[in-house]
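Presented below is the structure to which this report refers.
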Amino acid sequence: MQFFKLRITVGCVAAAFALTVVAGAASAAASPTEITLRAPLDPFRLVVPFTAPASRWGAGHRGIDLASHLGQQVHAPANGVITFAGVVVDRPVVSISHSAGFVISVEPVESSLAVGVTVATGDVVGRIAQGLSHCRPQCLHLGIRQHSTYVDPLDLLDEFGRVLLLPTERHLS
């Protein structure tokens, strides 16, 4: 009987350990994969920053707005595949899917590229369209979703990146 209890205990511990390892691996797989993006416009001038909504469907600004001018070239911020190039409501939008689960959308951008075309970082994907911007003066809206969740593009743009607070040299005691 003692051997049976020990066997059950060892079996339960092994199962708990296996579940912990599997859960840890699933958690690691679900953690954000980082990519570094190139700014889609040159020069880069932020007009309106990202504002995360309080809830999934709440109000917010799910991207950033960059100063632009009519006809300005818009570049692919990362390697990817064009997954949408058309009109949403009243403005032209181009969406690029990245292999790490990111979808990058820019608007108002008119493009001659077809869905399925592969683009490299820096390739011209279109031009700023006339009079269809949601801000004045003209701007480019850059939105990024990772697995259907909007993220702040500034966290991923080269030369910006995530904000990291470091301790000062003077330590509090």
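If you're wondering about the labels, chains in the structure tokens are A, B, ... by order shown, residues count from 1 in each chain, ligands from 1 in order shown.
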
Item to complete: Could you give me, as a ChimeraX atom specification, the residues within 9 Å of region 120-136 of chain A, counting only C-alpha atoms and dropping anything in the same chain fewer than 4 positions from it?
Response: /A:37-40,65,68-82,90-92,94,107-113,140-141

Please identify all polymer residues within 12 Å of region 50-59 of chain A, counting only C-alpha atoms, omitting same-chain residues fewer than 6 positions from it, and present them as a list in words.
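After dropping sequence-adjacent residues, the list is Asp65, Leu66, His141, Leu142, Gly143, Ile144, Ser148, Thr149, Tyr150, Val151, Asp152, Pro153, Leu154 and Asp155 of chain A.
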
Limited to C-alpha atoms, could you put the picked residues into a file as a PDB file, in the first residue's frame?
```pdb
ATOM      1  CA  ASP A  65      -0.183  60.351 -36.725  1.00  0.00           C
ATOM      2  CA  LEU A  66       2.816  61.691 -38.621  1.00  0.00           C
ATOM      3  CA  HIS A 141      -1.914  57.349 -39.568  1.00  0.00           C
ATOM      4  CA  LEU A 142       0.298  54.377 -38.666  1.00  0.00           C
ATOM      5  CA  GLY A 143      -1.459  51.598 -36.774  1.00  0.00           C
ATOM      6  CA  ILE A 144       0.058  48.298 -35.664  1.00  0.00           C
ATOM      7  CA  SER A 148      -5.373  41.532 -33.035  1.00  0.00           C
ATOM      8  CA  THR A 149      -4.214  43.874 -30.232  1.00  0.00           C
ATOM      9  CA  TYR A 150      -3.157  47.412 -31.105  1.00  0.00           C
ATOM     10  CA  VAL A 151       0.322  48.369 -29.904  1.00  0.00           C
ATOM     11  CA  ASP A 152       2.140  51.695 -29.770  1.00  0.00           C
ATOM     12  CA  PRO A 153       4.188  52.040 -32.965  1.00  0.00           C
ATOM     13  CA  LEU A 154       6.763  54.178 -31.137  1.00  0.00           C
ATOM     14  CA  ASP A 155       7.657  51.109 -29.052  1.00  0.00           C
TER      15      ASP A 155
END
```

With distances taken over only C-alpha atoms, which of A:Pro137, A:Thr118, A:His61, A:Asp42 is nearest to Ser99 (chain A)?
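When distances to Ser99 (chain A) are compared using only C-alpha atoms, the smallest one comes from A:Thr118.
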